[in-house]
file final.cif (mmCIF, C-alpha atoms)
data_protein
#
loop_
_atom_site.group_PDB
_atom_site.id
_atom_site.type_symbol
_atom_site.label_atom_id
_atom_site.label_comp_id
_atom_site.auth_asym_id
_atom_site.auth_seq_id
_atom_site.Cartn_x
_atom_site.Cartn_y
_atom_site.Cartn_z
ATOM 1 C CA MET A 12 75.324 65.899 64.026
ATOM 2 C CA GLY A 13 77.960 64.506 66.370
ATOM 3 C CA THR A 14 80.443 67.334 65.744
ATOM 4 C CA THR A 15 80.417 69.056 69.139
ATOM 5 C CA GLU A 16 84.054 68.293 69.916
ATOM 6 C CA ARG A 17 85.198 69.522 66.484
ATOM 7 C CA ALA A 18 83.075 72.697 66.816
ATOM 8 C CA ASP A 19 84.421 73.428 70.299
ATOM 9 C CA ARG A 20 87.969 73.083 68.989
ATOM 10 C CA PHE A 21 87.184 75.487 66.128
ATOM 11 C CA TYR A 22 85.794 78.112 68.532
ATOM 12 C CA ALA A 23 88.732 77.691 70.895
ATOM 13 C CA ASP A 24 91.408 77.993 68.185
ATOM 14 C CA GLN A 25 89.955 79.995 65.283
ATOM 15 C CA VAL A 26 87.288 82.473 66.446
ATOM 16 C CA LEU A 27 88.586 85.857 67.610
ATOM 17 C CA ASP A 28 86.725 88.875 68.995
ATOM 18 C CA ARG A 29 88.807 91.292 66.904
ATOM 19 C CA LEU A 30 90.922 91.371 63.758
ATOM 20 C CA ASN A 31 94.505 90.232 64.106
ATOM 21 C CA PRO A 32 97.239 91.687 61.820
ATOM 22 C CA ARG A 33 96.839 89.032 59.096
ATOM 23 C CA MET A 34 93.058 89.548 59.055
ATOM 24 C CA ARG A 35 93.496 93.320 58.753
ATOM 25 C CA GLU A 36 95.882 92.894 55.820
ATOM 26 C CA PHE A 37 93.388 90.534 54.161
ATOM 27 C CA VAL A 38 90.520 93.024 54.577
ATOM 28 C CA ASN A 39 92.561 95.917 53.186
ATOM 29 C CA ARG A 40 93.008 94.286 49.769
ATOM 30 C CA GLN A 41 89.484 92.997 49.210
ATOM 31 C CA GLU A 42 87.389 94.351 46.314
ATOM 32 C CA MET A 43 84.106 92.698 47.328
ATOM 33 C CA PHE A 44 82.197 91.034 50.131
ATOM 34 C CA PHE A 45 78.804 89.530 50.894
ATOM 35 C CA LEU A 46 76.621 91.181 53.537
ATOM 36 C CA ALA A 47 73.892 89.456 55.560
ATOM 37 C CA THR A 48 71.261 91.449 57.462
ATOM 38 C CA ALA A 49 67.819 90.833 58.962
ATOM 39 C CA ASP A 50 64.929 93.062 59.980
ATOM 40 C CA ARG A 51 63.386 93.189 63.445
ATOM 41 C CA HIS A 52 61.194 90.170 62.628
ATOM 42 C CA GLY A 53 64.186 88.055 61.523
ATOM 43 C CA SER A 54 63.432 88.188 57.796
ATOM 44 C CA CYS A 55 66.844 87.881 56.141
ATOM 45 C CA ASP A 56 68.570 89.554 53.224
ATOM 46 C CA ASN A 57 71.938 88.789 51.655
ATOM 47 C CA THR A 58 73.647 91.182 49.271
ATOM 48 C CA PHE A 59 76.915 91.945 47.534
ATOM 49 C CA ARG A 60 79.172 94.966 47.915
ATOM 50 C CA ALA A 61 82.138 95.890 45.703
ATOM 51 C CA GLY A 62 84.568 98.743 45.236
ATOM 52 C CA PRO A 63 88.246 99.510 44.686
ATOM 53 C CA PRO A 64 90.723 97.488 46.790
ATOM 54 C CA GLY A 65 90.457 98.611 50.393
ATOM 55 C CA PHE A 66 86.972 100.131 50.102
ATOM 56 C CA LEU A 67 86.159 98.125 53.243
ATOM 57 C CA HIS A 68 88.282 100.112 55.683
ATOM 58 C CA VAL A 69 89.866 98.877 58.913
ATOM 59 C CA LEU A 70 89.413 101.740 61.393
ATOM 60 C CA ASP A 71 91.014 99.727 64.193
ATOM 61 C CA ASP A 72 91.260 96.068 65.210
ATOM 62 C CA ALA A 73 87.599 95.983 66.282
ATOM 63 C CA THR A 74 85.973 98.325 63.741
ATOM 64 C CA LEU A 75 85.301 98.211 59.998
ATOM 65 C CA ALA A 76 83.583 100.761 57.764
ATOM 66 C CA TYR A 77 82.441 100.823 54.158
ATOM 67 C CA PRO A 78 80.710 103.435 51.971
ATOM 68 C CA GLU A 79 77.195 102.832 50.681
ATOM 69 C CA TYR A 80 77.139 103.828 47.016
ATOM 70 C CA ARG A 81 74.125 104.862 44.974
ATOM 71 C CA GLY A 82 72.037 101.784 44.134
ATOM 72 C CA ASN A 83 68.467 100.803 43.313
ATOM 73 C CA GLY A 84 67.001 103.075 45.991
ATOM 74 C CA VAL A 85 65.509 100.215 48.030
ATOM 75 C CA HIS A 86 68.135 100.464 50.802
ATOM 76 C CA ALA A 87 67.256 96.988 52.070
ATOM 77 C CA SER A 88 70.488 96.610 54.045
ATOM 78 C CA LEU A 89 70.355 100.082 55.601
ATOM 79 C CA GLY A 90 66.694 99.579 56.471
ATOM 80 C CA ASN A 91 67.419 96.260 58.152
ATOM 81 C CA ILE A 92 70.355 97.735 60.085
ATOM 82 C CA GLU A 93 68.063 100.481 61.408
ATOM 83 C CA GLU A 94 65.784 97.759 62.820
ATOM 84 C CA ASN A 95 68.379 95.114 63.728
ATOM 85 C CA PRO A 96 72.086 96.040 63.951
ATOM 86 C CA GLN A 97 73.383 92.453 63.741
ATOM 87 C CA VAL A 98 75.259 91.857 60.471
ATOM 88 C CA GLY A 99 77.458 89.188 58.948
ATOM 89 C CA ILE A 100 80.193 89.835 56.374
ATOM 90 C CA LEU A 101 81.860 87.166 54.247
ATOM 91 C CA MET A 102 84.983 88.053 52.259
ATOM 92 C CA VAL A 103 86.310 85.449 49.824
ATOM 93 C CA ASP A 104 89.648 85.663 48.027
ATOM 94 C CA PHE A 105 89.068 83.637 44.851
ATOM 95 C CA LEU A 106 92.239 84.883 43.132
ATOM 96 C CA GLN A 107 95.275 84.739 45.389
ATOM 97 C CA ASP A 108 95.033 82.859 48.686
ATOM 98 C CA ARG A 109 91.740 81.038 47.999
ATOM 99 C CA ILE A 110 90.518 81.565 51.538
ATOM 100 C CA GLY A 111 87.646 83.377 53.250
ATOM 101 C CA LEU A 112 87.097 85.536 56.309
ATOM 102 C CA HIS A 113 83.849 85.866 58.266
ATOM 103 C CA VAL A 114 83.172 88.951 60.371
ATOM 104 C CA ASN A 115 80.048 89.128 62.526
ATOM 105 C CA GLY A 116 79.103 92.169 64.581
ATOM 106 C CA THR A 117 76.814 95.146 65.001
ATOM 107 C CA ALA A 118 76.434 97.985 62.514
ATOM 108 C CA THR A 119 75.221 101.537 62.379
ATOM 109 C CA SER A 120 74.940 104.081 59.552
ATOM 110 C CA VAL A 121 76.922 107.323 59.763
ATOM 111 C CA PRO A 122 76.615 110.416 57.492
ATOM 112 C CA ASP A 123 79.565 111.029 55.177
ATOM 113 C CA ASP A 124 80.488 114.418 56.650
ATOM 114 C CA GLU A 125 80.457 113.003 60.174
ATOM 115 C CA MET A 126 82.724 110.115 59.138
ATOM 116 C CA ARG A 127 85.214 112.484 57.517
ATOM 117 C CA ARG A 128 85.353 114.684 60.601
ATOM 118 C CA ALA A 129 86.214 111.625 62.693
ATOM 119 C CA HIS A 130 88.551 110.017 60.120
ATOM 120 C CA SER A 131 90.034 112.725 57.909
ATOM 121 C CA TRP A 132 92.311 110.215 56.133
ATOM 122 C CA LEU A 133 89.399 108.458 54.406
ATOM 123 C CA PRO A 134 89.779 108.816 50.620
ATOM 124 C CA SER A 135 87.316 110.953 48.678
ATOM 125 C CA ASP A 136 86.401 109.022 45.542
ATOM 126 C CA GLN A 137 85.788 111.185 42.466
ATOM 127 C CA VAL A 138 84.292 108.421 40.324
ATOM 128 C CA PRO A 139 80.576 109.185 39.681
ATOM 129 C CA GLY A 140 78.433 106.593 41.426
ATOM 130 C CA ARG A 141 81.223 105.702 43.845
ATOM 131 C CA ARG A 142 80.761 108.502 46.327
ATOM 132 C CA ALA A 143 79.513 107.620 49.775
ATOM 133 C CA LEU A 144 75.855 108.353 50.449
ATOM 134 C CA VAL A 145 76.433 107.185 54.023
ATOM 135 C CA TRP A 146 78.929 104.906 55.751
ATOM 136 C CA VAL A 147 78.211 101.670 57.573
ATOM 137 C CA VAL A 148 80.405 101.206 60.647
ATOM 138 C CA ILE A 149 80.699 97.676 62.023
ATOM 139 C CA THR A 150 81.862 96.741 65.512
ATOM 140 C CA VAL A 151 83.513 93.320 65.297
ATOM 141 C CA GLU A 152 82.227 90.591 67.610
ATOM 142 C CA GLU A 153 83.531 87.485 65.813
ATOM 143 C CA ALA A 154 86.191 87.005 63.138
ATOM 144 C CA TYR A 155 87.076 83.576 61.761
ATOM 145 C CA ILE A 156 88.327 81.704 58.728
ATOM 146 C CA HIS A 157 86.261 80.217 55.913
ATOM 147 C CA CYS A 158 88.203 77.152 54.834
ATOM 148 C CA ALA A 159 89.663 76.805 51.360
ATOM 149 C CA LYS A 160 88.516 73.330 50.367
ATOM 150 C CA HIS A 161 85.369 74.355 48.437
ATOM 151 C CA ILE A 162 86.483 77.797 47.173
ATOM 152 C CA PRO A 163 87.086 77.804 43.401
ATOM 153 C CA HIS A 164 90.315 79.307 42.111
ATOM 154 C CA LEU A 165 89.459 82.089 39.640
ATOM 155 C CA GLN A 166 91.464 84.408 37.410
ATOM 156 C CA LYS A 167 90.801 88.006 36.401
ATOM 157 C CA VAL A 168 90.243 88.780 32.747
ATOM 158 C CA PRO A 169 91.009 92.111 31.047
ATOM 159 C CA ALA A 170 88.266 94.725 31.330
ATOM 160 C CA ARG A 171 85.924 94.877 28.354
ATOM 161 C CA GLY A 172 83.816 97.719 26.976
ATOM 162 C CA GLN A 173 83.414 100.799 29.135
ATOM 163 C CA GLY A 174 84.347 99.168 32.417
ATOM 164 C CA ARG A 175 82.152 99.065 35.484
ATOM 165 C CA PRO A 176 79.057 101.284 35.167
ATOM 166 C CA TRP A 177 79.274 102.787 38.677
ATOM 167 C CA GLY A 178 76.012 104.489 39.639
ATOM 168 C CA THR A 179 74.439 104.211 36.193
ATOM 169 C CA ASP A 180 70.696 104.309 35.570
ATOM 170 C CA ASP A 181 71.142 102.796 32.115
ATOM 171 C CA PHE A 182 68.733 99.845 32.137
ATOM 172 C CA LYS A 183 70.873 97.612 29.931
ATOM 173 C CA ARG A 184 74.179 98.368 31.659
ATOM 174 C CA LYS A 185 72.563 97.511 34.991
ATOM 175 C CA GLY A 186 71.628 94.085 33.632
ATOM 176 C CA GLY A 187 68.233 94.844 32.142
ATOM 177 C CA ASP A 188 65.440 92.386 32.869
ATOM 178 C CA PHE A 189 67.896 89.451 32.846
ATOM 179 C CA PHE A 190 65.557 87.065 34.698
ATOM 180 C CA GLY A 191 62.389 88.119 32.884
ATOM 181 C CA ALA A 192 60.749 89.259 36.111
ATOM 182 C CA ALA A 193 58.682 92.013 34.473
ATOM 183 C CA SER A 194 56.675 89.537 32.392
ATOM 184 C CA SER A 195 55.989 87.415 35.506
ATOM 185 C CA ALA A 196 55.054 90.321 37.780
ATOM 186 C CA PRO A 197 51.320 90.352 36.815
ATOM 187 C CA GLU A 198 51.029 86.791 38.190
ATOM 188 C CA ARG A 199 52.363 88.026 41.531
ATOM 189 C CA GLY A 200 49.632 90.642 41.869
ATOM 190 C CA PRO A 201 49.874 94.440 42.016
ATOM 191 C CA TYR A 202 52.364 96.084 44.338
ATOM 192 C CA LEU A 203 50.616 98.412 46.770
ATOM 193 C CA PRO A 204 53.178 100.927 48.074
ATOM 194 C CA PRO A 205 52.479 102.800 51.319
ATOM 195 C CA PRO A 206 51.929 106.568 51.147
ATOM 196 C CA ARG A 207 54.998 108.702 50.550
ATOM 197 C CA PRO A 208 56.217 110.998 53.345
ATOM 198 C CA ASP A 209 54.796 114.046 51.558
ATOM 199 C CA ALA A 210 51.315 112.545 51.177
ATOM 200 C CA ASP A 211 48.405 114.582 52.531
ATOM 201 C CA ALA A 212 46.528 113.755 55.726
ATOM 202 C CA ALA A 213 43.596 112.150 53.879
ATOM 203 C CA THR A 214 45.918 109.686 52.136
ATOM 204 C CA TRP A 215 47.599 108.712 55.395
ATOM 205 C CA ARG A 216 44.203 108.344 57.093
ATOM 206 C CA ALA A 217 43.013 106.031 54.313
ATOM 207 C CA GLU A 218 46.187 103.967 54.632
ATOM 208 C CA ALA A 219 45.787 103.714 58.417
ATOM 209 C CA GLU A 220 42.187 102.563 58.004
ATOM 210 C CA ARG A 221 43.244 99.952 55.433
ATOM 211 C CA VAL A 222 45.979 98.563 57.722
ATOM 212 C CA LEU A 223 43.590 98.571 60.690
ATOM 213 C CA ALA A 224 40.981 96.690 58.672
ATOM 214 C CA ARG A 225 43.533 94.039 57.747
ATOM 215 C CA ALA A 226 44.612 93.711 61.381
ATOM 216 C CA GLU A 227 41.012 93.360 62.530
ATOM 217 C CA GLY A 228 40.419 90.794 59.804
ATOM 218 C CA CYS A 229 43.371 88.784 61.081
ATOM 219 C CA ALA A 230 42.011 88.872 64.629
ATOM 220 C CA LEU A 231 38.703 87.531 63.317
ATOM 221 C CA GLY A 232 40.410 84.733 61.411
ATOM 222 C CA GLU A 233 40.082 86.350 57.998
ATOM 223 C CA GLY A 234 43.811 86.435 57.117
ATOM 224 C CA GLY A 235 47.134 87.772 58.307
ATOM 225 C CA GLY A 236 47.778 91.446 58.852
ATOM 226 C CA ALA A 237 51.084 93.085 58.054
ATOM 227 C CA GLY A 238 53.442 92.674 60.968
ATOM 228 C CA SER A 239 50.815 90.990 63.173
ATOM 229 C CA GLU A 240 50.976 87.632 64.871
ATOM 230 C CA PRO A 241 48.468 85.226 63.305
ATOM 231 C CA THR A 242 46.001 83.710 65.730
ATOM 232 C CA ALA A 243 44.870 80.101 65.633
ATOM 233 C CA GLY A 244 43.237 79.261 62.320
ATOM 234 C CA THR A 245 44.435 82.396 60.527
ATOM 235 C CA ALA A 246 46.705 82.607 57.524
ATOM 236 C CA PRO A 247 50.180 84.061 58.132
ATOM 237 C CA PHE A 248 51.173 87.374 56.614
ATOM 238 C CA SER A 249 52.179 86.614 53.019
ATOM 239 C CA GLY A 250 53.953 89.789 51.914
ATOM 240 C CA TRP A 251 53.215 93.214 50.512
ATOM 241 C CA PHE A 252 51.542 92.106 47.307
ATOM 242 C CA SER A 253 47.882 91.373 46.674
ATOM 243 C CA ARG A 254 46.250 89.453 43.858
ATOM 244 C CA SER A 255 43.282 91.765 44.170
ATOM 245 C CA ALA A 256 43.790 95.471 43.503
ATOM 246 C CA SER A 257 40.879 96.208 45.805
ATOM 247 C CA VAL A 258 42.667 94.923 48.954
#
call {"tool": "encode", "arguments": {"input": "final.cif", "output": "structure tokens"}}
result
Amino acid sequence: MGTTERADRFYADQVLDRLNPRMREFVNRQEMFFLATADRHGSCDNTFRAGPPGFLHVLDDATLAYPEYRGNGVHASLGNIEENPQVGILMVDFLQDRIGLHVNGTATSVPDDEMRRAHSWLPSDQVPGRRALVWVVITVEEAYIHCAKHIPHLQKVPARGQGRPWGTDDFKRKGGDFFGAASSAPERGPYLPPPRPDADAATWRAEAERVLARAEGCALGEGGGAGSEPTAGTAPFSGWFSRSASV
């Protein structure tokens, strides 16, 4: 793209390997950030985290930590971090300074009691649904600015209704089926979950045989197996859904 000189100048002047004082102050007043993760195969996920100001804590100039609240139970980010610790955080101040901060690094999950033994000053939130299930601790590798020129300037409006429904299981307060996904799901095909941890031996054996059959089919050119490398002439793995309930 012909921007090598400009990129080199940006890395030389703007990219730090830790948080300087102004970055730490910026982090301490944020109420939200975007989190990027990937699994061991490189499949990406991007999500949103929010909490009271300062819920993303600066432990020191090279370490951040945030609490994982109760969510949809999928734990996509935590699952990815278990397989691939590389994460990217983007904080954007839409209200005051209209600027952003990127933090890239490695993450690990830490039980709540262990975190509080190591950092007794961490607040204990009494709001239902805003209590830490676990903490994610991030070691900073890169910290750099996200420029202001395309960031919209927003304003807060007064809270309406009952406020934020932290931790609720109320279908409507969570957003309901806003995108109409439920009516489209039959076109996707049935979801075939793996056995649960408490399944009996026969169930696990049947699952192992099913996965093995798919892998053997892939090797013979009959389609991709979950997590396998497709050979020449085979179809790549296309996800965990099947249009045939018999698969």
call {"tool": "residues_around", "arguments": {"input": "final.cif", "residues": "stretch 77-94 of chain A", "least_positions_apart": "4", "cutoff": "6 Å", "atoms": "only C-alpha atoms", "output": "ChimeraX atom specification"}}
result
/A:49-51,67,140-147,178
call {"tool": "atom_distance", "arguments": {"input": "final.cif", "atom1": "atom CA of A:Pro134", "atom2": "atom CA of A:Leu27"}}
result
28.6 Å
call {"tool": "closest_residue", "arguments": {"input": "final.cif", "among": "A:Val148, A:Met34, A:Met12, A:Leu101", "to": "A:Leu46", "atoms": "all atoms listed in the file"}}
result
A:Leu101
call {"tool": "atom_distance", "arguments": {"input": "final.cif", "atom1": "atom CA of A:Thr119", "atom2": "atom CA of A:Gly53"}}
result
17.4 Å
call {"tool": "atom_distance", "arguments": {"input": "final.cif", "atom1": "atom CA of A:Arg40", "atom2": "atom CA of A:Gly65"}}
result
5.1 Å
call {"tool": "closest_residue", "arguments": {"input": "final.cif", "among": "A:Gly99, A:Gly111, A:Pro204, A:Gly13", "to": "A:Val38", "atoms": "all atoms listed in the file"}}
result
A:Gly111
